[in-house]
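With mmCIF, C-alpha atoms and all ligand atoms inside, this is coords-v9.cif:
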```cif
data_upload
#
loop_
_atom_site.label_atom_id
_atom_site.label_comp_id
_atom_site.auth_asym_id
_atom_site.auth_seq_id
_atom_site.Cartn_x
_atom_site.Cartn_y
_atom_site.Cartn_z
CA MET A 24 41.07 -4.35 -9.71
CA GLU A 25 42.94 -1.15 -10.49
CA THR A 26 40.75 1.96 -10.68
CA LYS A 27 42.08 4.20 -13.45
CA LEU A 28 41.83 7.93 -12.95
CA PHE A 29 40.94 9.91 -16.08
CA LYS A 30 41.24 13.67 -16.27
CA SER A 31 41.79 15.00 -19.75
CA GLU A 32 39.71 15.22 -22.91
CA HIS A 33 42.14 12.74 -24.47
CA ASP A 34 40.92 10.11 -21.99
CA ILE A 35 37.32 10.22 -23.26
CA PRO A 36 37.73 7.32 -25.76
CA ALA A 37 39.31 5.10 -23.06
CA ALA A 38 36.52 5.94 -20.61
CA ALA A 39 33.85 5.25 -23.27
CA GLU A 40 35.54 1.93 -24.02
CA ILE A 41 35.10 0.84 -20.37
CA LEU A 42 31.34 1.34 -20.76
CA ARG A 43 31.26 -0.45 -24.13
CA GLN A 44 33.10 -3.40 -22.62
CA GLY A 45 30.60 -3.78 -19.77
CA GLY A 46 32.82 -2.14 -17.14
CA LEU A 47 32.08 0.29 -14.31
CA LEU A 48 32.95 3.97 -14.69
CA GLY A 49 32.66 6.91 -12.29
CA ILE A 50 31.17 9.82 -14.21
CA PRO A 51 31.01 13.48 -13.28
CA THR A 52 27.64 15.16 -13.67
CA GLU A 53 26.29 18.54 -12.63
CA THR A 54 24.40 16.91 -9.73
CA VAL A 55 26.70 14.34 -8.05
CA TYR A 56 29.20 11.75 -9.33
CA GLY A 57 27.52 8.69 -10.80
CA LEU A 58 28.55 5.05 -10.98
CA GLY A 59 27.88 4.22 -14.61
CA ALA A 60 27.55 1.05 -16.67
CA ASN A 61 25.80 0.00 -19.89
CA ALA A 62 22.12 0.01 -18.86
CA LEU A 63 21.25 -2.71 -21.40
CA ASP A 64 23.93 -5.14 -20.17
CA GLU A 65 22.59 -7.11 -17.18
CA GLU A 66 26.01 -8.28 -16.06
CA ALA A 67 27.39 -4.73 -16.12
CA VAL A 68 24.36 -3.48 -14.18
CA LYS A 69 24.81 -6.26 -11.64
CA GLY A 70 28.31 -4.86 -11.09
CA ILE A 71 26.83 -1.49 -10.05
CA PHE A 72 24.70 -3.10 -7.34
CA GLU A 73 27.68 -5.10 -6.07
CA ALA A 74 30.16 -2.21 -6.01
CA LYS A 75 27.70 -0.02 -4.09
CA GLY A 76 26.22 -2.73 -1.90
CA ARG A 77 22.87 -1.47 -3.21
CA PRO A 78 19.64 -3.44 -2.64
CA GLN A 79 18.54 -5.12 -5.90
CA ASP A 80 15.09 -3.53 -5.90
CA ASN A 81 16.42 0.05 -5.82
CA PRO A 82 16.19 1.13 -9.49
CA LEU A 83 18.83 2.99 -11.50
CA ILE A 84 18.48 6.07 -13.69
CA LEU A 85 19.31 5.94 -17.42
CA HIS A 86 21.56 8.74 -18.65
CA ILE A 87 21.20 9.67 -22.31
CA PRO A 88 23.04 12.25 -24.44
CA HIS A 89 20.08 13.39 -26.54
CA VAL A 90 16.32 13.71 -26.16
CA ASP A 91 15.87 11.56 -29.32
CA TRP A 92 17.04 8.55 -27.29
CA LEU A 93 13.89 8.71 -25.12
CA GLU A 94 11.85 6.74 -27.67
CA ARG A 95 14.45 3.97 -27.74
CA TYR A 96 13.86 3.08 -24.10
CA CYS A 97 10.43 4.47 -23.23
CA GLU A 98 6.89 3.64 -24.32
CA ASN A 99 3.99 6.15 -24.68
CA VAL A 100 6.12 9.24 -24.04
CA PRO A 101 3.63 12.05 -23.24
CA LYS A 102 4.00 15.51 -24.70
CA GLU A 103 4.81 16.86 -21.23
CA ALA A 104 8.05 14.88 -21.31
CA TYR A 105 9.15 16.73 -24.43
CA LEU A 106 8.13 20.08 -22.98
CA LEU A 107 10.17 19.36 -19.85
CA ALA A 108 13.15 18.10 -21.89
CA GLU A 109 13.10 21.20 -24.03
CA LYS A 110 13.06 23.46 -21.02
CA PHE A 111 15.27 21.63 -18.51
CA TRP A 112 17.57 19.19 -20.37
CA PRO A 113 20.44 18.84 -20.15
CA GLY A 114 19.88 19.31 -16.45
CA PRO A 115 18.98 17.87 -13.04
CA LEU A 116 15.59 16.40 -13.95
CA THR A 117 14.73 12.67 -14.13
CA MET A 118 11.42 11.61 -15.68
CA ILE A 119 9.77 8.31 -14.86
CA LEU A 120 8.14 6.78 -17.95
CA PRO A 121 6.90 3.33 -19.04
CA LYS A 122 9.91 1.27 -20.13
CA LYS A 123 10.40 -0.65 -23.36
CA ASP A 124 11.33 -4.35 -23.22
CA ILE A 125 14.89 -3.60 -24.27
CA VAL A 126 15.56 -2.14 -20.78
CA PRO A 127 16.31 -5.07 -18.44
CA LEU A 128 14.26 -5.44 -15.26
CA ARG A 129 17.55 -5.66 -13.38
CA THR A 130 18.19 -2.03 -14.32
CA THR A 131 14.76 -0.88 -13.13
CA GLY A 132 14.70 -2.93 -9.94
CA GLY A 133 11.89 -5.08 -11.38
CA LEU A 134 9.66 -2.10 -12.32
CA SER A 135 7.84 -1.63 -15.62
CA THR A 136 8.87 2.04 -15.57
CA VAL A 137 12.27 3.64 -16.06
CA GLY A 138 13.84 6.91 -14.92
CA VAL A 139 15.66 8.84 -17.65
CA ARG A 140 17.70 12.02 -17.71
CA MET A 141 20.21 13.97 -19.78
CA PRO A 142 22.99 15.23 -17.51
CA ASP A 143 24.47 18.69 -17.97
CA HIS A 144 28.16 17.83 -18.12
CA ARG A 145 30.10 18.24 -21.34
CA LEU A 146 32.61 15.43 -20.67
CA THR A 147 29.99 12.90 -19.61
CA LEU A 148 27.72 13.68 -22.55
CA GLU A 149 30.68 13.06 -24.85
CA ILE A 150 31.63 9.83 -23.05
CA ILE A 151 28.05 8.52 -23.43
CA ARG A 152 27.92 9.58 -27.08
CA GLN A 153 31.16 7.75 -27.82
CA ALA A 154 30.11 4.67 -25.83
CA ASP A 155 26.84 4.74 -27.80
CA VAL A 156 24.94 3.00 -24.98
CA PRO A 157 22.52 4.41 -22.39
CA VAL A 158 24.33 4.65 -19.07
CA ALA A 159 22.64 3.41 -15.90
CA ALA A 160 24.04 5.38 -13.01
CA PRO A 161 23.03 5.80 -9.39
CA SER A 162 25.11 8.10 -7.20
CA GLY A 163 28.70 6.89 -6.90
CA ASN A 164 28.75 6.34 -3.13
CA THR A 165 28.61 3.15 -1.12
CA SER A 166 24.91 2.50 -0.45
CA GLY A 167 23.72 4.53 2.54
CA ARG A 168 26.59 7.04 2.55
CA PRO A 169 26.45 10.68 1.44
CA SER A 170 26.63 11.12 -2.35
CA PRO A 171 30.03 12.15 -3.80
CA THR A 172 30.39 15.62 -5.27
CA LYS A 173 34.11 15.33 -6.02
CA ALA A 174 36.14 12.58 -7.71
CA GLU A 175 38.18 12.06 -4.53
CA HIS A 176 34.99 11.41 -2.53
CA MET A 177 33.99 8.75 -5.00
CA LEU A 178 37.47 7.20 -4.81
CA GLU A 179 37.08 6.95 -1.01
CA ASP A 180 34.13 4.61 -1.57
CA MET A 181 34.99 2.89 -4.88
CA GLN A 182 38.77 2.53 -5.19
CA GLY A 183 39.58 -1.02 -6.33
CA LYS A 184 35.89 -1.82 -7.01
CA ILE A 185 35.42 -0.12 -10.38
CA HIS A 186 37.43 0.20 -13.60
CA GLY A 187 37.82 3.94 -13.72
CA ILE A 188 36.71 7.40 -12.59
CA PHE A 189 36.61 10.46 -14.78
CA ASP A 190 37.53 13.51 -12.72
CA GLY A 191 35.42 16.33 -14.12
CA GLY A 192 35.85 18.68 -11.15
CA ALA A 193 33.47 19.51 -8.32
CA CYS A 194 29.76 19.11 -9.08
CA ARG A 195 28.03 22.41 -9.85
CA VAL A 196 24.63 21.55 -8.32
CA GLY A 197 25.68 19.19 -5.51
CA VAL A 198 22.39 17.32 -4.90
CA GLU A 199 20.89 14.61 -7.12
CA SER A 200 18.31 15.14 -9.84
CA THR A 201 14.68 15.95 -9.17
CA ILE A 202 12.57 12.87 -9.97
CA VAL A 203 9.07 13.31 -11.36
CA ASP A 204 6.77 10.38 -12.18
CA LEU A 205 4.92 11.12 -15.44
CA THR A 206 3.07 7.78 -15.49
CA VAL A 207 0.46 9.07 -13.02
CA THR A 208 -2.03 11.95 -13.11
CA PRO A 209 -1.28 14.43 -11.72
CA PRO A 210 2.50 13.94 -11.97
CA ARG A 211 4.17 13.05 -8.69
CA LEU A 212 7.41 14.39 -7.23
CA LEU A 213 9.32 11.34 -5.95
CA ARG A 214 12.54 13.13 -5.02
CA PRO A 215 13.26 16.85 -4.76
CA GLY A 216 16.61 17.72 -6.33
CA GLY A 217 18.60 20.15 -8.41
CA LEU A 218 15.55 21.45 -10.30
CA SER A 219 13.09 23.24 -8.03
CA LEU A 220 9.48 22.13 -7.61
CA GLU A 221 8.44 25.66 -8.56
CA ASP A 222 10.24 25.29 -11.94
CA LEU A 223 8.50 21.97 -12.55
CA GLN A 224 5.11 23.43 -11.63
CA SER A 225 5.66 26.24 -14.15
CA VAL A 226 5.44 23.59 -16.90
CA LEU A 227 3.26 20.84 -15.40
CA GLY A 228 0.83 22.75 -13.18
CA GLU A 229 -0.36 20.55 -10.35
CA ILE A 230 2.20 18.12 -8.93
CA VAL A 231 1.63 15.81 -5.96
CA VAL A 232 4.58 15.75 -3.57
CA ASP A 233 5.10 12.19 -2.39
CA LYS A 234 4.80 11.83 1.37
CA ALA A 235 8.20 10.14 1.55
CA VAL A 236 9.83 13.47 0.63
CA THR A 237 8.98 15.05 3.94
CA GLU A 238 8.10 12.18 6.28
CA LYS A 239 9.62 8.97 7.46
CA MET A 240 8.00 5.89 5.95
CA LYS A 241 6.02 3.93 8.52
CA GLU A 242 6.64 0.24 9.24
CA GLY A 243 5.02 -1.89 6.54
CA GLU A 244 4.15 1.12 4.34
CA LYS A 245 4.72 0.45 0.63
CA PRO A 246 6.75 3.21 -1.05
CA ARG A 247 5.96 4.51 -4.56
CA ALA A 248 9.63 4.08 -5.47
CA PRO A 249 11.58 1.26 -3.84
CA GLY A 250 14.59 3.48 -3.17
CA MET A 251 12.51 5.59 -0.78
CA LYS A 252 12.51 3.04 1.98
CA TYR A 253 16.28 2.76 2.37
CA ARG A 254 18.58 4.56 4.76
CA HIS A 255 20.31 7.36 2.92
CA TYR A 256 23.14 9.87 2.96
CA ALA A 257 23.99 9.14 6.57
CA PRO A 258 27.28 9.97 8.26
CA LYS A 259 28.40 7.60 11.02
CA ALA A 260 27.32 9.84 13.92
CA PRO A 261 23.57 10.36 14.53
CA VAL A 262 22.15 13.59 13.11
CA THR A 263 19.44 15.88 14.52
CA VAL A 264 17.98 18.39 12.07
CA VAL A 265 16.64 21.61 13.55
CA CYS A 266 13.99 23.43 11.49
CA GLY A 267 12.66 26.93 11.97
CA GLU A 268 13.75 30.53 11.82
CA PRO A 269 17.60 30.57 11.63
CA ASN A 270 18.14 32.64 14.80
CA LYS A 271 15.97 30.20 16.72
CA THR A 272 17.57 27.04 15.31
CA ALA A 273 21.03 28.41 16.16
CA GLU A 274 19.87 29.16 19.69
CA TYR A 275 18.37 25.67 20.08
CA ILE A 276 21.60 24.04 18.93
CA ARG A 277 23.72 26.19 21.26
CA GLU A 278 21.57 25.11 24.18
CA HIS A 279 21.74 21.40 23.36
CA LEU A 280 25.28 21.05 22.03
CA GLN A 281 27.64 18.97 24.13
CA LYS A 282 31.39 18.53 24.13
CA GLY A 283 32.42 16.27 21.23
CA ASN A 284 29.34 17.09 19.11
CA GLY A 285 29.51 18.56 15.60
CA VAL A 286 27.43 21.27 13.91
CA ILE A 287 26.27 21.97 10.36
CA CYS A 288 25.31 25.63 10.32
CA PHE A 289 24.68 28.59 8.07
CA THR A 290 27.72 30.82 7.40
CA GLU A 291 26.29 33.69 9.46
CA PHE A 292 26.07 31.56 12.61
CA ALA A 293 29.51 29.88 12.51
CA PRO A 294 31.05 32.24 15.14
CA LEU A 295 28.51 30.93 17.69
CA PHE A 296 29.98 27.43 17.46
CA GLU A 297 33.67 28.13 17.87
CA GLY A 298 35.42 25.27 19.61
CA TYR A 299 33.11 22.65 18.09
CA ALA A 300 33.68 20.66 14.89
CA THR A 301 31.71 22.83 12.45
CA GLN A 302 30.77 22.43 8.80
CA ILE A 303 29.34 25.44 6.99
CA LEU A 304 26.21 24.81 4.90
CA GLY A 305 26.27 28.23 3.18
CA GLU A 306 24.59 31.58 3.65
CA VAL A 307 20.97 31.54 4.87
CA SER A 308 19.68 32.99 1.59
CA ASN A 309 22.01 31.09 -0.75
CA LYS A 310 20.33 27.76 -1.47
CA HIS A 311 22.70 26.98 -4.38
CA GLN A 312 25.63 27.12 -2.00
CA GLN A 313 23.77 24.95 0.52
CA ALA A 314 23.05 22.33 -2.16
CA GLN A 315 26.71 22.31 -3.19
CA ARG A 316 27.83 21.93 0.41
CA VAL A 317 25.33 19.56 2.02
CA PHE A 318 26.93 16.21 1.09
CA ASP A 319 30.49 17.47 1.64
CA ALA A 320 29.47 18.65 5.10
CA LEU A 321 27.89 15.29 6.00
CA ARG A 322 30.83 13.34 4.59
CA ALA A 323 33.44 15.49 6.36
CA PHE A 324 32.18 14.30 9.75
CA ASP A 325 33.19 10.74 8.96
CA SER A 326 36.85 11.67 9.39
CA LEU A 327 36.14 13.60 12.61
CA PRO A 328 35.53 11.96 16.00
CA VAL A 329 32.11 13.51 16.65
CA THR A 330 29.50 11.70 18.76
CA ALA A 331 26.42 13.50 17.42
CA ILE A 332 25.68 16.14 14.80
CA TYR A 333 23.18 19.03 14.91
CA ALA A 334 22.20 20.67 11.61
CA GLN A 335 20.40 23.94 10.88
CA CYS A 336 17.76 23.27 8.22
CA PRO A 337 16.85 25.72 5.42
CA ASP A 338 13.23 26.51 4.53
CA THR A 339 11.73 24.49 1.67
CA GLU A 340 11.57 27.18 -0.99
CA GLY A 341 13.48 26.51 -4.26
CA LEU A 342 16.46 24.20 -3.73
CA GLY A 343 15.72 24.32 0.01
CA LEU A 344 13.28 21.42 -0.48
CA ALA A 345 16.13 19.20 -1.74
CA VAL A 346 18.66 20.37 0.86
CA SER A 347 16.24 19.87 3.76
CA ASN A 348 15.20 16.45 2.36
CA ARG A 349 18.86 15.28 2.26
CA LEU A 350 19.50 16.51 5.80
CA LYS A 351 16.31 14.89 7.12
CA LYS A 352 17.09 11.59 5.42
CA ALA A 353 20.64 11.68 6.78
CA ALA A 354 19.02 12.14 10.18
CA GLY A 355 16.57 9.28 9.66
CA PHE A 356 13.92 12.03 10.07
CA CYS A 357 15.10 12.93 13.56
CA VAL A 358 13.74 16.46 13.20
CA VAL A 359 13.12 19.18 15.80
CA GLU A 360 10.83 22.12 14.96
CA VAL A 361 11.54 25.29 16.95
P1 LIG B 401 20.41 7.44 -6.90
O1 LIG B 401 20.88 8.05 -8.17
O2 LIG B 401 21.44 6.71 -6.11
O3 LIG B 401 19.75 8.48 -6.11
O4 LIG B 401 19.31 6.38 -7.26
C1 LIG B 401 18.34 6.58 -8.25
C2 LIG B 401 17.04 7.02 -7.68
O5 LIG B 401 16.07 7.01 -8.69
C3 LIG B 401 16.52 6.09 -6.58
O6 LIG B 401 16.03 6.87 -5.52
C4 LIG B 401 15.40 5.33 -7.27
O7 LIG B 401 14.41 4.88 -6.37
C5 LIG B 401 14.88 6.35 -8.27
N1 LIG B 401 14.31 5.69 -9.45
C6 LIG B 401 14.97 5.19 -10.51
N2 LIG B 401 14.14 4.60 -11.39
C7 LIG B 401 12.90 4.71 -10.86
C8 LIG B 401 11.59 4.29 -11.28
N3 LIG B 401 11.40 3.60 -12.40
N4 LIG B 401 10.55 4.58 -10.48
C9 LIG B 401 10.75 5.27 -9.34
N5 LIG B 401 11.94 5.70 -8.87
C10 LIG B 401 13.01 5.42 -9.62
MG MG B 402 22.13 7.57 -4.27
#
```

Show me this structure written as structure tokens.
Ligand code: AMP
Ligand code: MG
Amino acid sequence: METKLFKSEHDIPAAAEILRQGGLLGIPTETVYGLGANALDEEAVKGIFEAKGRPQDNPLILHIPHVDWLERYCENVPKEAYLLAEKFWPGPLTMILPKKDIVPLRTTGGLSTVGVRMPDHRLTLEIIRQADVPVAAPSGNTSGRPSPTKAEHMLEDMQGKIHGIFDGGACRVGVESTIVDLTVTPPRLLRPGGLSLEDLQSVLGEIVVDKAVTEKMKEGEKPRAPGMKYRHYAPKAPVTVVCGEPNKTAEYIREHLQKGNGVICFTEFAPLFEGYATQILGEVSNKHQQAQRVFDALRAFDSLPVTAIYAQCPDTEGLGLAVSNRLKKAAGFCVVEV
């Protein structure tokens, strides 16, 4: 199939038509590019799983253009959901709520709950409005690879497999949405993302951070969300994440680095790794920059002949929790503390 590339406002009706017709569309969001289809159309949703090579039990997130749509797809919406929507939507926050029957089990990976969010991207909100259907969209990468933050990254993975991609520029946030489960008390953080845990706590108070955020799942352990058990974000070469004070992590990497290895490091430490394939994560204190860069850095190594990758890990404050989670998952939790 030919993958059409859309770029201008004038293309919005054509892009919306793809969704209405049950097709697959790459959509820009503030977090990462998504692979969208009509969430209520089982055949269309099946296409998402096939194009990505995604396991059937890994649920999708519904993207809606207005908070009023929540009641169409969710049952027993608690007042906290509206408080959160008022404060953080449109934005990088996904809420897990009980689903209504209209949402197919294929979309939710067989679960009786559904994840919903309103993305903060003008073009995509307009596309969804014109399509007039909720859009199921996981990240637009091949399953297991780093998420795409630019249209060309998504094309690398999806060219010929989907009907179109809307190029809305580079993603402003760069990591996926924060996922909070509101069907349990206290609410549970299932995935750290573009909205910080601290921001969520300011509205919800106590939040349990799921173990899978910081630790590798053990053999036979049942995850809260099916997606948690799968390999994620990984470049082809094995990754070791080094956590600790930045001077110390840089020193550790310098001592262990071998010819042919690659490095993901903070801007300030790049001169130490001259002569090695290096990707800059961003300045030590600039977590926004690190979030924007983390997937690009991981993806860049796939076109470089590196045999192993060492990465400096940020602390877990603010967006650091999401950045360190993506690095650790890319590393299959091969983590060194120094
Ligand atoms: P992706 O956008 O590729 O990161 O995939 C969507 C993420 O949302 C996956 O990690 C899913 O496990 C998670 N997710 C979606 N719906 C649910 C749900 N109903 N319960 C728990 N997690 C969910
Ligand atoms: Mg994904």

Could the residues of chain A that have an atom at most 10 Å from ligand MG 402 (chain B) be listed as JSON lines, each with its closest atom pair and the distance in Å to one decimal, counting all atoms listed in the file and ordered by chain and ascending residue number?
```
{"residue": "A:Val55", "atom": "CA", "partner": "B:MG402", "partner_atom": "MG", "distance": 9.0}
{"residue": "A:Tyr56", "atom": "CA", "partner": "B:MG402", "partner_atom": "MG", "distance": 9.6}
{"residue": "A:Gly57", "atom": "CA", "partner": "B:MG402", "partner_atom": "MG", "distance": 8.5}
{"residue": "A:Leu58", "atom": "CA", "partner": "B:MG402", "partner_atom": "MG", "distance": 9.6}
{"residue": "A:Lys75", "atom": "CA", "partner": "B:MG402", "partner_atom": "MG", "distance": 9.4}
{"residue": "A:Arg77", "atom": "CA", "partner": "B:MG402", "partner_atom": "MG", "distance": 9.1}
{"residue": "A:Asn81", "atom": "CA", "partner": "B:MG402", "partner_atom": "MG", "distance": 9.6}
{"residue": "A:Leu83", "atom": "CA", "partner": "B:MG402", "partner_atom": "MG", "distance": 9.2}
{"residue": "A:Ala160", "atom": "CA", "partner": "B:MG402", "partner_atom": "MG", "distance": 9.2}
{"residue": "A:Pro161", "atom": "CA", "partner": "B:MG402", "partner_atom": "MG", "distance": 5.5}
{"residue": "A:Ser162", "atom": "CA", "partner": "B:MG402", "partner_atom": "MG", "distance": 4.2}
{"residue": "A:Gly163", "atom": "CA", "partner": "B:MG402", "partner_atom": "MG", "distance": 7.1}
{"residue": "A:Asn164", "atom": "CA", "partner": "B:MG402", "partner_atom": "MG", "distance": 6.8}
{"residue": "A:Thr165", "atom": "CA", "partner": "B:MG402", "partner_atom": "MG", "distance": 8.5}
{"residue": "A:Ser166", "atom": "CA", "partner": "B:MG402", "partner_atom": "MG", "distance": 6.9}
{"residue": "A:Gly167", "atom": "CA", "partner": "B:MG402", "partner_atom": "MG", "distance": 7.6}
{"residue": "A:Arg168", "atom": "CA", "partner": "B:MG402", "partner_atom": "MG", "distance": 8.2}
{"residue": "A:Pro169", "atom": "CA", "partner": "B:MG402", "partner_atom": "MG", "distance": 7.8}
{"residue": "A:Ser170", "atom": "CA", "partner": "B:MG402", "partner_atom": "MG", "distance": 6.0}
{"residue": "A:Pro171", "atom": "CA", "partner": "B:MG402", "partner_atom": "MG", "distance": 9.1}
{"residue": "A:Val198", "atom": "CA", "partner": "B:MG402", "partner_atom": "MG", "distance": 9.8}
{"residue": "A:Glu199", "atom": "CA", "partner": "B:MG402", "partner_atom": "MG", "distance": 7.7}
{"residue": "A:Gly250", "atom": "CA", "partner": "B:MG402", "partner_atom": "MG", "distance": 8.6}
{"residue": "A:His255", "atom": "CA", "partner": "B:MG402", "partner_atom": "MG", "distance": 7.4}
{"residue": "A:Tyr256", "atom": "CA", "partner": "B:MG402", "partner_atom": "MG", "distance": 7.7}
```

Enclose the full set of atoms of ligand LIG 401 (chain B) listed in the file within a box whose edges lie along x, y and z, apply 3 Å of padding to each of the six sides, and report centre and edge lengths in Å to one decimal as AutoDock Vina command-line options.
```
--center_x 16.0 --center_y 6.0 --center_z -9.0 --size_x 16.9 --size_y 10.9 --size_z 12.9
```

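Checking A:Ile202, A:Val156, A:Ala38, A:Val100 one by one against ligand LIG 401 (chain B), counting all atoms listed in the file, you find the shortest gap at A:Ile202.
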
TODO: Pick out the residues sitting within 12 Å of Lys352 (chain A), and hand them over as an MDAnalysis selection string; count all atoms listed in the file, and ignore anything fewer than 6 positions along from it in its own chain.
DONE: chainID A and resid 167:169 214 235:240 251:258 261:264 317:318 321 345:346 358

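Nearest-residue note for ligand LIG 401 (chain B): choosing from A:Lys27, A:Arg277, A:Lys271, A:His86, the minimum distance belongs to A:His86, counting all atoms listed in the file.
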
- [ ] Name the residues, using the chain letters and numbers of the file, that sit within 10 Å of (29.3, 27.2, -4.2) when counting only C-alpha atoms, and give them as a list in words.
- [x]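 Every residue inside that radius is included here: Ala193, Cys194, Arg195, Val196, Gly197, Leu304, Gly305, Asn309, Lys310, His311, Gln312, Gln313, Ala314, Gln315 and Arg316 of chain A.
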
Task: Nearest to ligand LIG 401 (chain B) by atom-to-atom distance, counting only C-alpha atoms and all ligand atoms, from A:Asp204, A:Asp222, A:Glu278, A:Glu53 - done: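 Smallest separation from ligand LIG 401 (chain B) among the options: A:Asp204.
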
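Nearest residue to ligand LIG 401 (chain B) among A:Asp124, A:Arg145, A:Ile185, A:Arg247 is A:Arg247, counting all atoms listed in the file.
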
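The nearest approach to Thr290 (chain A) among the residues A:Gln335, A:Thr26, A:Ser347, A:Gln182, with only C-alpha atoms taken into account, belongs to A:Gln335.
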
Task: d(CA of Phe289 (chain A), CA of Glu306 (chain A)) in Å - done: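 For CA of Phe289 (chain A) relative to CA of Glu306 (chain A), the distance reads 5.3 Å.
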
Could region 104-115 of chain A be completed with N, CA, C and O atoms and written as a short mmCIF file (atom, residue, chain, number, x, y, z; two decimals), in the coordinates of the input, please?
```
data_model
loop_
_atom_site.label_atom_id
_atom_site.label_comp_id
_atom_site.auth_asym_id
_atom_site.auth_seq_id
_atom_site.Cartn_x
_atom_site.Cartn_y
_atom_site.Cartn_z
N ALA A 104 6.64 15.29 -21.43
CA ALA A 104 8.05 14.88 -21.31
C ALA A 104 8.90 15.71 -22.26
O ALA A 104 10.01 16.15 -21.91
N TYR A 105 8.38 15.95 -23.46
CA TYR A 105 9.15 16.73 -24.43
C TYR A 105 9.22 18.20 -24.02
O TYR A 105 10.24 18.86 -24.22
N LEU A 106 8.12 18.69 -23.46
CA LEU A 106 8.13 20.08 -22.98
C LEU A 106 9.19 20.25 -21.90
O LEU A 106 9.97 21.20 -21.89
N LEU A 107 9.20 19.29 -20.96
CA LEU A 107 10.17 19.36 -19.85
C LEU A 107 11.60 19.24 -20.39
O LEU A 107 12.49 19.98 -19.97
N ALA A 108 11.80 18.30 -21.34
CA ALA A 108 13.15 18.10 -21.89
C ALA A 108 13.63 19.37 -22.58
O ALA A 108 14.78 19.79 -22.41
N GLU A 109 12.72 19.99 -23.31
CA GLU A 109 13.10 21.20 -24.03
C GLU A 109 13.53 22.30 -23.07
O GLU A 109 14.49 23.00 -23.28
N LYS A 110 12.80 22.38 -21.96
CA LYS A 110 13.06 23.46 -21.02
C LYS A 110 14.23 23.15 -20.07
O LYS A 110 15.01 24.03 -19.75
N PHE A 111 14.35 21.89 -19.62
CA PHE A 111 15.27 21.63 -18.51
C PHE A 111 16.41 20.66 -18.82
O PHE A 111 17.23 20.39 -17.94
N TRP A 112 16.46 20.07 -20.02
CA TRP A 112 17.57 19.19 -20.37
C TRP A 112 18.54 19.91 -21.27
O TRP A 112 18.09 20.67 -22.13
N PRO A 113 19.84 19.66 -21.18
CA PRO A 113 20.44 18.84 -20.15
C PRO A 113 20.29 19.52 -18.80
O PRO A 113 20.40 20.74 -18.70
N GLY A 114 20.05 18.72 -17.77
CA GLY A 114 19.88 19.31 -16.45
C GLY A 114 19.40 18.31 -15.43
O GLY A 114 19.14 17.14 -15.76
N PRO A 115 19.23 18.77 -14.17
CA PRO A 115 18.98 17.87 -13.04
C PRO A 115 17.53 17.42 -12.90
O PRO A 115 16.91 17.59 -11.85
#
```
